[in-house]
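Peer 1: Next up is a structure, given as structure tokens.
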Amino acid sequence: MSGMNYEIQNRKLKSYKHTFDYNFCKRKYDEYARMELKEFQECLKNPQKLGEIGHLCCFILWVKNKERHEYRDSLGDYGLIHLLFHCVENKHDVNNHAEYIHMLFKEDIKLV
């Protein structure tokens, strides 16, 4: 990051409150968790579905932390979201990360 300068523009910063529709997110989460790996991998290549998966990852972190169940995958708190950004950057990364992300959805971060 050397050589990069960041400048904060003169603007008012606002605080935003956001809540998740628990029932909707839970239903969508269950859809993705039940998918076969190949179908899930194709979803990671679709920008709209990838956005949904990213939204659900934030939802999962929100639920787990709200209920005081600290969630950490092997990459840390936001490792899953980090991998989704790699999927956006390069379609080849989808093939590398799909199995791990899918396993997390099916097993590690399952909502009960």
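To be explicit about the labels: the chains of the structure tokens are called A, B, and onward in the order shown, and within each one the residues are counted from 1, while ligands get numbers from 1 in the order they are shown.
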Just the residues within 9 Å of region 85-94 of chain A, please, counting only C-alpha atoms, with nothing from its chain fewer than 5 positions along; format it as a list in words.

Peer 2: Gln41, Glu42, Leu44, Lys45, Pro47, Leu50, Gly54, Leu80 and Glu99 of chain A

Peer 1: Using only C-alpha atoms for the distances, tell me which of A:Val63, A:Ile53, A:Ile81, A:Met35 is nearest to Lys106 (chain A).

Peer 2: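 Selected residue with least distance to Lys106 (chain A): A:Met35.
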